[in-house]
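Engineer: File follows, final13.cif with mmCIF, C-alpha atoms:
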```cif
data_final
loop_
_atom_site.group_PDB
_atom_site.id
_atom_site.type_symbol
_atom_site.label_atom_id
_atom_site.label_comp_id
_atom_site.auth_asym_id
_atom_site.auth_seq_id
_atom_site.Cartn_x
_atom_site.Cartn_y
_atom_site.Cartn_z
ATOM 1 C CA MET A 23 23.337 26.148 -10.986
ATOM 2 C CA LEU A 24 20.847 28.610 -9.641
ATOM 3 C CA TRP A 25 17.710 29.946 -11.186
ATOM 4 C CA ARG A 26 15.555 32.386 -9.225
ATOM 5 C CA ASN A 27 18.016 31.854 -6.372
ATOM 6 C CA SER A 28 17.212 28.158 -6.055
ATOM 7 C CA LEU A 29 18.785 24.838 -6.885
ATOM 8 C CA VAL A 30 18.837 23.637 -10.470
ATOM 9 C CA MET A 31 19.428 19.897 -10.955
ATOM 10 C CA MET A 32 20.858 18.069 -13.960
ATOM 11 C CA ASP A 33 19.868 14.545 -14.935
ATOM 12 C CA LYS A 34 22.793 12.358 -15.968
ATOM 13 C CA GLU A 35 20.839 10.630 -18.733
ATOM 14 C CA THR A 36 20.069 13.654 -20.907
ATOM 15 C CA GLY A 37 21.807 16.608 -19.261
ATOM 16 C CA SER A 38 18.504 18.447 -18.974
ATOM 17 C CA LEU A 39 18.286 21.094 -16.278
ATOM 18 C CA TRP A 40 15.468 20.912 -13.757
ATOM 19 C CA SER A 41 14.111 23.390 -11.221
ATOM 20 C CA HIS A 42 13.620 21.662 -7.884
ATOM 21 C CA VAL A 43 11.023 24.226 -6.896
ATOM 22 C CA VAL A 44 8.532 23.565 -9.657
ATOM 23 C CA GLY A 45 9.917 20.185 -10.813
ATOM 24 C CA GLU A 46 10.059 21.359 -14.419
ATOM 25 C CA ALA A 47 12.829 20.807 -16.970
ATOM 26 C CA LEU A 48 13.924 24.318 -17.913
ATOM 27 C CA GLN A 49 16.422 23.437 -20.619
ATOM 28 C CA GLY A 50 17.678 20.432 -22.577
ATOM 29 C CA PRO A 51 16.050 17.450 -24.327
ATOM 30 C CA LEU A 52 13.393 17.031 -21.635
ATOM 31 C CA LYS A 53 12.464 20.725 -21.541
ATOM 32 C CA GLY A 54 8.848 21.219 -20.582
ATOM 33 C CA ASN A 55 8.460 17.913 -18.729
ATOM 34 C CA VAL A 56 7.147 18.309 -15.217
ATOM 35 C CA LEU A 57 7.792 15.871 -12.376
ATOM 36 C CA LYS A 58 5.033 14.944 -9.993
ATOM 37 C CA THR A 59 5.480 16.519 -6.586
ATOM 38 C CA LEU A 60 4.908 14.248 -3.614
ATOM 39 C CA PRO A 61 3.922 15.319 -0.122
ATOM 40 C CA ALA A 62 6.528 15.106 2.617
ATOM 41 C CA VAL A 63 6.760 16.521 6.093
ATOM 42 C CA GLN A 64 9.481 18.458 7.841
ATOM 43 C CA THR A 65 9.697 17.524 11.494
ATOM 44 C CA SER A 66 12.189 16.484 14.174
ATOM 45 C CA TRP A 67 13.917 13.120 14.269
ATOM 46 C CA SER A 68 12.333 12.175 17.598
ATOM 47 C CA ALA A 69 8.803 12.980 16.411
ATOM 48 C CA TRP A 70 9.220 11.062 13.149
ATOM 49 C CA TYR A 71 10.697 8.030 14.900
ATOM 50 C CA LYS A 72 7.842 7.970 17.398
ATOM 51 C CA GLN A 73 5.274 7.966 14.589
ATOM 52 C CA HIS A 74 7.209 5.569 12.352
ATOM 53 C CA PRO A 75 9.303 3.162 14.453
ATOM 54 C CA GLN A 76 9.888 1.022 11.329
ATOM 55 C CA THR A 77 11.362 3.933 9.396
ATOM 56 C CA LYS A 78 14.512 3.554 7.362
ATOM 57 C CA VAL A 79 16.962 6.377 7.908
ATOM 58 C CA LEU A 80 19.475 7.654 5.396
ATOM 59 C CA LYS A 81 22.909 6.669 6.694
ATOM 60 C CA LYS A 82 24.531 9.743 8.118
ATOM 61 C CA ASN A 83 28.049 11.003 8.420
ATOM 62 C CA GLU A 84 28.237 10.949 12.208
ATOM 63 C CA GLN A 85 30.540 13.948 12.306
ATOM 64 C CA ILE A 86 27.690 16.170 11.160
ATOM 65 C CA ARG A 87 26.070 17.609 14.268
ATOM 66 C CA SER A 88 24.517 20.810 12.980
ATOM 67 C CA SER A 89 23.376 22.540 9.826
ATOM 68 C CA ALA A 90 25.945 23.983 7.450
ATOM 69 C CA TYR A 91 23.602 26.938 7.075
ATOM 70 C CA GLU A 92 23.230 28.164 10.684
ATOM 71 C CA LYS A 93 24.549 31.621 9.834
ATOM 72 C CA TYR A 94 22.375 31.857 6.774
ATOM 73 C CA PHE A 95 19.266 30.911 8.782
ATOM 74 C CA LYS A 96 19.945 33.494 11.448
ATOM 75 C CA ASN A 97 20.856 36.480 9.338
ATOM 76 C CA PRO A 98 17.707 38.232 8.102
ATOM 77 C CA LYS A 99 19.729 40.193 5.561
ATOM 78 C CA LEU A 100 21.131 37.158 3.775
ATOM 79 C CA LEU A 101 18.631 36.393 1.056
ATOM 80 C CA GLY A 102 19.444 34.952 -2.364
ATOM 81 C CA LEU A 103 22.673 35.588 -4.212
ATOM 82 C CA PHE A 104 20.986 37.418 -7.022
ATOM 83 C CA ARG A 105 18.414 40.087 -7.201
ATOM 84 C CA THR A 106 14.987 38.764 -8.049
ATOM 85 C CA SER A 107 11.610 40.390 -8.040
ATOM 86 C CA TRP A 108 9.992 39.209 -4.841
ATOM 87 C CA LEU A 109 7.121 40.887 -3.069
ATOM 88 C CA LYS A 110 8.850 43.061 -0.500
ATOM 89 C CA ASP A 111 5.793 44.857 0.843
ATOM 90 C CA LYS A 112 3.972 41.883 2.291
ATOM 91 C CA MET A 113 6.447 40.454 4.820
ATOM 92 C CA PRO A 114 10.196 40.127 5.446
ATOM 93 C CA GLY A 115 12.112 38.073 2.881
ATOM 94 C CA LYS A 116 13.411 35.573 5.428
ATOM 95 C CA LYS A 117 9.971 34.867 6.878
ATOM 96 C CA LEU A 118 9.284 31.151 6.586
ATOM 97 C CA ILE A 119 5.942 30.239 5.102
ATOM 98 C CA TYR A 120 4.157 27.000 4.309
ATOM 99 C CA GLY A 121 3.731 27.064 0.564
ATOM 100 C CA ILE A 122 0.828 25.140 -0.916
ATOM 101 C CA ARG A 123 0.300 24.447 -4.611
ATOM 102 C CA TYR A 124 -2.740 22.803 -6.069
ATOM 103 C CA GLY A 125 -3.135 22.940 -9.836
ATOM 104 C CA VAL A 126 -2.425 26.515 -10.867
ATOM 105 C CA HIS A 127 -3.248 27.927 -7.455
ATOM 106 C CA THR A 128 -0.724 28.860 -4.806
ATOM 107 C CA LEU A 129 -1.101 29.874 -1.188
ATOM 108 C CA ALA A 130 1.434 30.967 1.424
ATOM 109 C CA VAL A 131 0.394 30.294 5.012
ATOM 110 C CA VAL A 132 2.186 31.977 7.916
ATOM 111 C CA ASP A 133 2.817 29.988 11.074
ATOM 112 C CA GLU A 134 0.948 32.502 13.239
ATOM 113 C CA VAL A 135 -2.455 31.485 11.847
ATOM 114 C CA LEU A 136 -1.895 27.836 12.769
ATOM 115 C CA THR A 137 -2.549 26.295 16.184
ATOM 116 C CA VAL A 138 -1.257 22.835 16.987
ATOM 117 C CA ASP A 139 -3.977 20.203 16.524
ATOM 118 C CA LYS A 140 -6.533 22.713 15.321
ATOM 119 C CA LEU A 141 -7.839 22.232 11.807
ATOM 120 C CA LEU A 142 -7.882 25.225 9.541
ATOM 121 C CA GLY A 143 -10.170 24.978 6.536
ATOM 122 C CA THR A 144 -9.778 27.255 3.559
ATOM 123 C CA VAL A 145 -10.281 27.401 -0.180
ATOM 124 C CA LEU A 146 -7.629 27.178 -2.872
ATOM 125 C CA GLY A 147 -9.040 27.934 -6.297
ATOM 126 C CA GLU A 148 -12.190 25.819 -6.431
ATOM 127 C CA SER A 149 -10.908 23.254 -3.951
ATOM 128 C CA LYS A 150 -11.527 23.081 -0.248
ATOM 129 C CA ILE A 151 -8.459 22.219 1.770
ATOM 130 C CA LEU A 152 -7.675 21.432 5.388
ATOM 131 C CA ILE A 153 -4.445 22.582 6.995
ATOM 132 C CA LEU A 154 -3.219 20.838 10.128
ATOM 133 C CA LYS A 155 -0.178 21.569 12.229
ATOM 134 C CA SER A 156 0.636 18.595 14.422
ATOM 135 C CA GLU A 157 2.387 18.287 17.740
ATOM 136 C CA ASP A 158 5.522 17.280 15.823
ATOM 137 C CA GLY A 159 5.591 20.744 14.221
ATOM 138 C CA GLY A 160 4.856 19.256 10.812
ATOM 139 C CA VAL A 161 2.221 20.889 8.650
ATOM 140 C CA ARG A 162 0.068 18.770 6.407
ATOM 141 C CA VAL A 163 -2.600 19.736 3.916
ATOM 142 C CA PHE A 164 -5.426 17.650 2.535
ATOM 143 C CA ARG A 165 -8.126 18.262 0.003
ATOM 144 C CA ASN A 166 -11.493 17.793 1.639
ATOM 145 C CA GLU A 167 -14.773 18.396 -0.164
ATOM 146 C CA ARG A 168 -16.879 15.899 1.745
ATOM 147 C CA PHE A 169 -16.401 15.956 5.467
ATOM 148 C CA THR A 170 -16.915 18.149 8.471
ATOM 149 C CA PHE A 171 -14.550 17.087 11.205
ATOM 150 C CA GLU A 172 -14.850 17.377 14.939
ATOM 151 C CA LYS A 173 -11.904 16.959 17.271
ATOM 152 C CA GLN A 174 -11.960 14.237 19.898
ATOM 153 C CA LYS A 175 -11.429 15.355 23.465
ATOM 154 C CA GLN A 176 -8.880 12.840 24.642
ATOM 155 C CA MET A 177 -6.945 11.682 21.622
ATOM 156 C CA ARG A 178 -5.443 13.637 18.787
ATOM 157 C CA LEU A 179 -8.051 12.236 16.459
ATOM 158 C CA TYR A 180 -11.098 13.555 14.651
ATOM 159 C CA THR A 181 -14.538 12.239 13.766
ATOM 160 C CA ASP A 182 -16.499 13.186 10.704
ATOM 161 C CA MET A 183 -20.003 14.429 11.452
ATOM 162 C CA ALA A 184 -21.682 12.320 8.759
ATOM 163 C CA THR A 185 -20.548 8.829 9.766
ATOM 164 C CA HIS A 186 -18.771 9.386 13.104
ATOM 165 C CA SER A 187 -15.787 7.443 11.800
ATOM 166 C CA LEU A 188 -12.492 8.140 13.513
ATOM 167 C CA TRP A 189 -9.680 9.849 11.545
ATOM 168 C CA ASP A 190 -5.997 10.315 12.091
ATOM 169 C CA LEU A 191 -5.597 13.560 10.189
ATOM 170 C CA ALA A 192 -1.838 13.760 10.672
ATOM 171 C CA GLN A 193 -1.868 10.861 8.211
ATOM 172 C CA GLY A 194 -5.057 11.851 6.414
ATOM 173 C CA ILE A 195 -6.569 8.419 6.954
ATOM 174 C CA CYS A 196 -9.718 7.031 8.564
ATOM 175 C CA VAL A 197 -8.657 4.552 11.239
ATOM 176 C CA LYS A 198 -11.961 3.309 12.642
ATOM 177 C CA GLY A 199 -15.617 3.076 11.677
ATOM 178 C CA GLU A 200 -17.606 2.876 8.477
ATOM 179 C CA LEU A 201 -14.993 4.703 6.419
ATOM 180 C CA LYS A 202 -11.961 2.887 7.792
ATOM 181 C CA GLY A 203 -9.120 2.946 5.282
ATOM 182 C CA THR A 204 -10.447 5.985 3.402
ATOM 183 C CA ARG A 205 -7.732 8.512 2.633
ATOM 184 C CA LEU A 206 -7.912 12.219 2.013
ATOM 185 C CA GLU A 207 -5.896 13.470 -0.932
ATOM 186 C CA ALA A 208 -2.641 14.883 0.439
ATOM 187 C CA VAL A 209 -1.486 18.184 -1.024
ATOM 188 C CA PRO A 210 2.289 18.855 -1.005
ATOM 189 C CA VAL A 211 3.503 21.541 1.383
ATOM 190 C CA THR A 212 6.801 23.356 0.964
ATOM 191 C CA VAL A 213 8.512 25.179 3.787
ATOM 192 C CA ALA A 214 10.012 28.180 2.038
ATOM 193 C CA TYR A 215 11.327 31.645 2.550
ATOM 194 C CA TRP A 216 8.915 34.321 1.476
ATOM 195 C CA PHE A 217 11.413 35.964 -0.865
ATOM 196 C CA ALA A 218 11.830 32.697 -2.759
ATOM 197 C CA TRP A 219 8.165 31.672 -2.779
ATOM 198 C CA SER A 220 7.027 35.074 -4.023
ATOM 199 C CA THR A 221 9.694 35.077 -6.732
ATOM 200 C CA TYR A 222 8.354 31.826 -8.120
ATOM 201 C CA PHE A 223 4.702 32.545 -7.506
ATOM 202 C CA PRO A 224 4.116 36.304 -7.657
ATOM 203 C CA ASN A 225 0.360 35.759 -7.791
ATOM 204 C CA THR A 226 0.304 33.678 -4.616
ATOM 205 C CA ALA A 227 -2.521 34.150 -2.174
ATOM 206 C CA VAL A 228 -1.456 34.725 1.427
ATOM 207 C CA LEU A 229 -3.162 33.494 4.567
ATOM 208 C CA ASP A 230 -1.911 35.652 7.407
ATOM 209 C CA MET B 30 6.870 5.712 -24.215
ATOM 210 C CA PRO B 31 7.214 9.163 -22.701
ATOM 211 C CA LYS B 32 10.751 10.449 -22.470
ATOM 212 C CA SER B 33 10.207 11.261 -18.870
ATOM 213 C CA LYS B 34 9.534 7.679 -17.830
ATOM 214 C CA PHE B 35 12.452 7.590 -15.443
ATOM 215 C CA TYR B 36 11.639 10.902 -13.891
ATOM 216 C CA SER B 37 8.018 10.323 -13.085
ATOM 217 C CA PHE B 38 8.303 11.302 -9.497
ATOM 218 C CA VAL B 39 10.081 13.926 -7.592
ATOM 219 C CA LEU B 40 9.735 15.073 -4.123
ATOM 220 C CA VAL B 41 10.267 18.753 -4.067
ATOM 221 C CA TYR B 42 10.647 19.778 -0.527
ATOM 222 C CA ILE B 43 12.660 22.826 -0.370
ATOM 223 C CA PHE B 44 14.133 25.491 1.690
ATOM 224 C CA PHE B 45 15.642 27.526 -1.107
ATOM 225 C CA LEU B 46 19.202 27.366 0.088
ATOM 226 C CA ILE B 47 22.243 28.886 -1.426
ATOM 227 C CA PRO B 48 25.330 26.684 -1.172
ATOM 228 C CA VAL B 49 27.693 28.256 1.340
ATOM 229 C CA SER B 50 30.615 26.715 -0.508
ATOM 230 C CA VAL B 51 29.917 29.224 -3.264
ATOM 231 C CA PHE B 52 31.230 32.002 -1.093
ATOM 232 C CA SER B 53 34.315 30.163 0.024
ATOM 233 C CA GLN B 54 35.361 29.271 -3.503
ATOM 234 C CA GLY B 55 35.583 32.910 -4.465
ATOM 235 C CA LYS B 56 34.409 32.196 -7.991
ATOM 236 C CA SER B 57 32.265 34.700 -9.727
ATOM 237 C CA PRO B 58 28.999 33.365 -11.070
ATOM 238 C CA GLN B 59 28.590 33.001 -14.813
ATOM 239 C CA ALA B 60 25.338 33.920 -16.486
ATOM 240 C CA VAL B 61 24.470 30.954 -18.699
ATOM 241 C CA THR B 62 21.186 31.907 -20.262
ATOM 242 C CA VAL B 63 17.865 33.549 -19.561
ATOM 243 C CA ILE B 64 14.839 31.377 -18.888
ATOM 244 C CA LYS B 65 11.370 32.870 -18.578
ATOM 245 C CA GLY B 66 12.904 36.283 -17.960
ATOM 246 C CA ASP B 67 15.310 35.164 -15.219
ATOM 247 C CA THR B 68 19.011 34.450 -15.555
ATOM 248 C CA LEU B 69 20.369 30.961 -14.994
ATOM 249 C CA PHE B 70 23.672 31.224 -13.145
ATOM 250 C CA LYS B 71 26.480 28.738 -12.955
ATOM 251 C CA LEU B 72 28.476 28.920 -9.722
ATOM 252 C CA LEU B 73 30.003 25.499 -9.256
ATOM 253 C CA ASP B 74 31.056 22.685 -11.511
ATOM 254 C CA PRO B 75 28.703 19.702 -11.691
ATOM 255 C CA ASN B 76 29.052 17.318 -8.744
ATOM 256 C CA VAL B 77 30.889 19.748 -6.463
ATOM 257 C CA ILE B 78 27.891 19.154 -4.243
ATOM 258 C CA PRO B 79 27.563 15.413 -4.872
ATOM 259 C CA ALA B 80 24.060 14.007 -5.077
ATOM 260 C CA ILE B 81 23.523 10.670 -3.346
ATOM 261 C CA THR B 82 22.937 8.056 -6.032
ATOM 262 C CA LYS B 83 23.077 4.861 -3.982
ATOM 263 C CA PRO B 84 21.518 5.687 -0.663
ATOM 264 C CA LEU B 85 22.398 3.486 2.297
ATOM 265 C CA TYR B 86 20.031 3.089 5.200
ATOM 266 C CA VAL B 87 20.150 2.256 8.858
ATOM 267 C CA THR B 88 17.331 1.210 11.159
ATOM 268 C CA GLY B 89 15.722 3.609 13.591
ATOM 269 C CA THR B 90 17.505 1.881 16.465
ATOM 270 C CA VAL B 91 20.909 2.619 14.939
ATOM 271 C CA ALA B 92 19.923 6.118 13.819
ATOM 272 C CA ALA B 93 18.759 6.961 17.335
ATOM 273 C CA THR B 94 22.350 6.669 18.549
ATOM 274 C CA GLN B 95 23.572 9.086 15.862
ATOM 275 C CA MET B 96 20.846 11.691 15.629
ATOM 276 C CA SER B 97 19.898 14.509 17.963
ATOM 277 C CA PRO B 98 16.259 14.285 19.079
ATOM 278 C CA ASP B 99 15.627 17.754 17.648
ATOM 279 C CA GLU B 100 17.551 17.122 14.439
ATOM 280 C CA PRO B 101 15.361 18.268 11.540
ATOM 281 C CA VAL B 102 14.348 15.539 9.138
ATOM 282 C CA MET B 103 12.338 15.271 5.985
ATOM 283 C CA GLY B 104 9.926 12.385 6.393
ATOM 284 C CA LEU B 105 8.357 10.577 3.494
ATOM 285 C CA LEU B 106 5.746 7.844 3.612
ATOM 286 C CA ILE B 107 4.877 6.037 0.374
ATOM 287 C CA ASN B 108 2.821 2.843 0.267
ATOM 288 C CA GLY B 109 3.525 2.189 3.929
ATOM 289 C CA GLU B 110 7.305 2.588 3.563
ATOM 290 C CA ALA B 111 8.782 5.357 5.711
ATOM 291 C CA HIS B 112 12.106 7.072 5.024
ATOM 292 C CA ALA B 113 13.742 9.834 7.047
ATOM 293 C CA TYR B 114 16.496 12.106 5.793
ATOM 294 C CA SER B 115 18.508 14.322 8.118
ATOM 295 C CA LEU B 116 18.449 17.848 6.750
ATOM 296 C CA TRP B 117 21.921 18.400 8.223
ATOM 297 C CA GLN B 118 23.105 15.546 6.053
ATOM 298 C CA LEU B 119 21.199 16.798 3.012
ATOM 299 C CA ASP B 120 22.930 20.191 3.350
ATOM 300 C CA HIS B 121 25.985 18.453 1.894
ATOM 301 C CA HIS B 122 24.234 16.578 -0.928
ATOM 302 C CA GLU B 123 20.991 18.410 -1.805
ATOM 303 C CA ILE B 124 19.625 15.450 -3.796
ATOM 304 C CA VAL B 125 18.989 11.794 -2.956
ATOM 305 C CA ASN B 126 18.095 9.491 -5.852
ATOM 306 C CA ASP B 127 15.905 7.032 -4.041
ATOM 307 C CA TYR B 128 13.335 4.301 -4.583
ATOM 308 C CA PHE B 129 10.199 3.361 -2.706
ATOM 309 C CA GLY B 130 9.608 -0.116 -4.065
ATOM 310 C CA ASP B 131 9.542 0.471 -7.842
ATOM 311 C CA ILE B 132 8.847 4.173 -7.553
ATOM 312 C CA PRO B 133 11.829 6.432 -8.304
ATOM 313 C CA VAL B 134 11.855 9.523 -6.121
ATOM 314 C CA ALA B 135 14.259 12.439 -6.165
ATOM 315 C CA VAL B 136 14.425 13.870 -2.674
ATOM 316 C CA THR B 137 15.665 17.426 -2.938
ATOM 317 C CA TRP B 138 16.685 20.012 -0.394
#
```
Mind converting the file's structure to structure tokens?
Structural biologist:
Amino acid sequence: MLWRNSLVMMDKETGSLWSHVVGEALQGPLKGNVLKTLPAVQTSWSAWYKQHPQTKVLKKNEQIRSSAYEKYFKNPKLLGLFRTSWLKDKMPGKKLIYGIRYGVHTLAVVDEVLTVDKLLGTVLGESKILILKSEDGGVRVFRNERFTFEKQKQMRLYTDMATHSLWDLAQGICVKGELKGTRLEAVPVTVAYWFAWSTYFPNTAVLD
Amino acid sequence: MPKSKFYSFVLVYIFFLIPVSVFSQGKSPQAVTVIKGDTLFKLLDPNVIPAITKPLYVTGTVAATQMSPDEPVMGLLINGEAHAYSLWQLDHHEIVNDYFGDIPVAVTW
């Protein structure tokens, strides 16, 4: 099923219907329940494997050597199947954005404002967040109220000005120094088409 | 006990795709109901795009012989456990019902 041009899931236990965009049960016995969204990253196989050599990998059908959606990706005119009210004036519907949700606040970030390994700080509602695009192409977002970070020259690491501890911000974790082991709160990021994001979140802020 | 006990966690990581099989089946979509002002459409019967319910895994060493270096993956790290899912594979399933230790996670695409 599709709602607002996106996947609707059904749980086998109750038959309730769930939106995979907002994680909310739309209909059925569990209507109104909301699942917790967890942060993930979209990257390439080689980059992920390099960072996580111990990773488990979902067993693949080896015949599959490309996406089933190549044509859909490439054709700017192919949007959703059904007309929805998305914000046409701001940018093309097939523009990919990094969608960030924190509480009731939403933000769409365009790729052009991000530079690899350069932190971008901004505000979402009352929260300060850090956006980081890594060498692997993955974009990660963390809530950060406390620290001012400075990039290290040689390594892809950062130090905080207050304690000079060393941070791996691709993981959001302090790896050396006084704060070793401290984690920043990761905020889920969704790679989405603008037409879909703006259908779901018409009040979204845009960083472009 | 909350009803939603078994659905405590979901990973929503999405690309907002429309199943291409919809077009090839030549079925016309049925409007089921209206939710929050937008129509819910039924296009396919349940399980035409089968979710993965018992995921099988291989090690990175094995996967490296089957995956293209630039193959897009969704990567998930929970409590030190890392899982990678090929997006080309997920095109055909859309949902993986997975566990990280005791934590149930629905990986959706």
Engineer: Ranking A:Pro75, A:Gly147, A:Gly50, A:Gly160 by minimum distance to chain B and counting all atoms listed in the file, which one comes first?
Structural biologist: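 Between A:Pro75, A:Gly147, A:Gly50, A:Gly160, the residue approaching chain B most closely is A:Pro75.
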Engineer: One number please: CA of Thr36 (chain A) to CA of Leu52 (chain A), in Å, one decimal.
Structural biologist: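 If I compute the distance from CA of Thr36 (chain A) to CA of Leu52 (chain A), I get 7.5 Å.
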Engineer: Care to translate the PyMOL selection byres ((chain A) within 7 of (chain B)) into actual residues of this file, as a PyMOL selection string?
Structural biologist: chain A and resi 23-26+28+42-43+45+55+57-60+62-68+70-71+74-82+84+86+88-90+102+212-215+218
Engineer: Mind writing the picked residues with C-alpha atoms as an mmCIF file, in the frame of the given file?
Structural biologist:
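Okay, again15.cif is ready:
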```cif
data_model
loop_
_atom_site.group_PDB
_atom_site.id
_atom_site.type_symbol
_atom_site.label_atom_id
_atom_site.label_comp_id
_atom_site.auth_asym_id
_atom_site.auth_seq_id
_atom_site.Cartn_x
_atom_site.Cartn_y
_atom_site.Cartn_z
ATOM 1 C CA MET A 23 23.337 26.148 -10.986
ATOM 2 C CA LEU A 24 20.847 28.610 -9.641
ATOM 3 C CA TRP A 25 17.710 29.946 -11.186
ATOM 4 C CA ARG A 26 15.555 32.386 -9.225
ATOM 5 C CA SER A 28 17.212 28.158 -6.055
ATOM 6 C CA HIS A 42 13.620 21.662 -7.884
ATOM 7 C CA VAL A 43 11.023 24.226 -6.896
ATOM 8 C CA GLY A 45 9.917 20.185 -10.813
ATOM 9 C CA ASN A 55 8.460 17.913 -18.729
ATOM 10 C CA LEU A 57 7.792 15.871 -12.376
ATOM 11 C CA LYS A 58 5.033 14.944 -9.993
ATOM 12 C CA THR A 59 5.480 16.519 -6.586
ATOM 13 C CA LEU A 60 4.908 14.248 -3.614
ATOM 14 C CA ALA A 62 6.528 15.106 2.617
ATOM 15 C CA VAL A 63 6.760 16.521 6.093
ATOM 16 C CA GLN A 64 9.481 18.458 7.841
ATOM 17 C CA THR A 65 9.697 17.524 11.494
ATOM 18 C CA SER A 66 12.189 16.484 14.174
ATOM 19 C CA TRP A 67 13.917 13.120 14.269
ATOM 20 C CA SER A 68 12.333 12.175 17.598
ATOM 21 C CA TRP A 70 9.220 11.062 13.149
ATOM 22 C CA TYR A 71 10.697 8.030 14.900
ATOM 23 C CA HIS A 74 7.209 5.569 12.352
ATOM 24 C CA PRO A 75 9.303 3.162 14.453
ATOM 25 C CA GLN A 76 9.888 1.022 11.329
ATOM 26 C CA THR A 77 11.362 3.933 9.396
ATOM 27 C CA LYS A 78 14.512 3.554 7.362
ATOM 28 C CA VAL A 79 16.962 6.377 7.908
ATOM 29 C CA LEU A 80 19.475 7.654 5.396
ATOM 30 C CA LYS A 81 22.909 6.669 6.694
ATOM 31 C CA LYS A 82 24.531 9.743 8.118
ATOM 32 C CA GLU A 84 28.237 10.949 12.208
ATOM 33 C CA ILE A 86 27.690 16.170 11.160
ATOM 34 C CA SER A 88 24.517 20.810 12.980
ATOM 35 C CA SER A 89 23.376 22.540 9.826
ATOM 36 C CA ALA A 90 25.945 23.983 7.450
ATOM 37 C CA GLY A 102 19.444 34.952 -2.364
ATOM 38 C CA THR A 212 6.801 23.356 0.964
ATOM 39 C CA VAL A 213 8.512 25.179 3.787
ATOM 40 C CA ALA A 214 10.012 28.180 2.038
ATOM 41 C CA TYR A 215 11.327 31.645 2.550
ATOM 42 C CA ALA A 218 11.830 32.697 -2.759
#
```
Engineer: Nearest residue to Tyr94 (chain A) out of A:Lys140, A:Trp40, A:Ala130, A:Lys116, using all atoms listed in the file?
Structural biologist: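 Of A:Lys140, A:Trp40, A:Ala130, A:Lys116, the one nearest Tyr94 (chain A), counting all atoms listed in the file, is A:Lys116.
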Engineer: Could you tell me which residues the PyMOL selection byres ((chain A and resi 188-190) around 12) grabs in this file, written as an mmCIF file with C-alpha atoms, keeping the file's coordinate frame?
Structural biologist:
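Saved as result_21.cif:
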```cif
data_model
loop_
_atom_site.group_PDB
_atom_site.id
_atom_site.type_symbol
_atom_site.label_atom_id
_atom_site.label_comp_id
_atom_site.auth_asym_id
_atom_site.auth_seq_id
_atom_site.Cartn_x
_atom_site.Cartn_y
_atom_site.Cartn_z
ATOM 1 C CA GLN A 73 5.274 7.966 14.589
ATOM 2 C CA ASP A 139 -3.977 20.203 16.524
ATOM 3 C CA LEU A 154 -3.219 20.838 10.128
ATOM 4 C CA SER A 156 0.636 18.595 14.422
ATOM 5 C CA ARG A 162 0.068 18.770 6.407
ATOM 6 C CA PHE A 169 -16.401 15.956 5.467
ATOM 7 C CA THR A 170 -16.915 18.149 8.471
ATOM 8 C CA PHE A 171 -14.550 17.087 11.205
ATOM 9 C CA GLU A 172 -14.850 17.377 14.939
ATOM 10 C CA LYS A 173 -11.904 16.959 17.271
ATOM 11 C CA GLN A 174 -11.960 14.237 19.898
ATOM 12 C CA MET A 177 -6.945 11.682 21.622
ATOM 13 C CA ARG A 178 -5.443 13.637 18.787
ATOM 14 C CA LEU A 179 -8.051 12.236 16.459
ATOM 15 C CA TYR A 180 -11.098 13.555 14.651
ATOM 16 C CA THR A 181 -14.538 12.239 13.766
ATOM 17 C CA ASP A 182 -16.499 13.186 10.704
ATOM 18 C CA MET A 183 -20.003 14.429 11.452
ATOM 19 C CA ALA A 184 -21.682 12.320 8.759
ATOM 20 C CA THR A 185 -20.548 8.829 9.766
ATOM 21 C CA HIS A 186 -18.771 9.386 13.104
ATOM 22 C CA SER A 187 -15.787 7.443 11.800
ATOM 23 C CA LEU A 191 -5.597 13.560 10.189
ATOM 24 C CA ALA A 192 -1.838 13.760 10.672
ATOM 25 C CA GLN A 193 -1.868 10.861 8.211
ATOM 26 C CA GLY A 194 -5.057 11.851 6.414
ATOM 27 C CA ILE A 195 -6.569 8.419 6.954
ATOM 28 C CA CYS A 196 -9.718 7.031 8.564
ATOM 29 C CA VAL A 197 -8.657 4.552 11.239
ATOM 30 C CA LYS A 198 -11.961 3.309 12.642
ATOM 31 C CA GLY A 199 -15.617 3.076 11.677
ATOM 32 C CA GLU A 200 -17.606 2.876 8.477
ATOM 33 C CA LEU A 201 -14.993 4.703 6.419
ATOM 34 C CA LYS A 202 -11.961 2.887 7.792
ATOM 35 C CA GLY A 203 -9.120 2.946 5.282
ATOM 36 C CA THR A 204 -10.447 5.985 3.402
ATOM 37 C CA ARG A 205 -7.732 8.512 2.633
ATOM 38 C CA LEU A 206 -7.912 12.219 2.013
#
```
Engineer: Please, what is the axis-aligned box for every listed atom of region 128-143 of chain A with 8 Å on each side, as centre and edge lengths in Å to one decimal, as AutoDock Vina command-line options?
Structural biologist:
```
--center_x -3.7 --center_y 26.4 --center_z 6.1 --size_x 29.0 --size_y 28.3 --size_z 37.8
```
Engineer: Between A:Lys112, A:Arg165, A:Lys150, A:Lys93, which has the minimum distance to Thr226 (chain A) (counting only C-alpha atoms)?
Structural biologist: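 Once distances to Thr226 (chain A) are computed over only C-alpha atoms, the minimum belongs to A:Lys112.
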Engineer: Report, in Å with one decimal, the straight-line distance from CA of Leu100 (chain A) to CA of Gly115 (chain A).
Structural biologist: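 Taking CA of Leu100 (chain A) and CA of Gly115 (chain A), their separation equals 9.1 Å.
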Engineer: Have a look at CA of Glu148 (chain A) and CA of Leu229 (chain A) and let me know their distance in Å, one decimal.
Structural biologist: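 One can read the CA of Glu148 (chain A) to CA of Leu229 (chain A) distance as 16.2 Å.
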Engineer: Using the chain letters and numbering of this document, enumerate as number ranges by chain the residues selected by the PyMOL selection byres ((chain A and resi 137) around 12).
Structural biologist: A: 132-136, 138-142, 153-157, 159-161
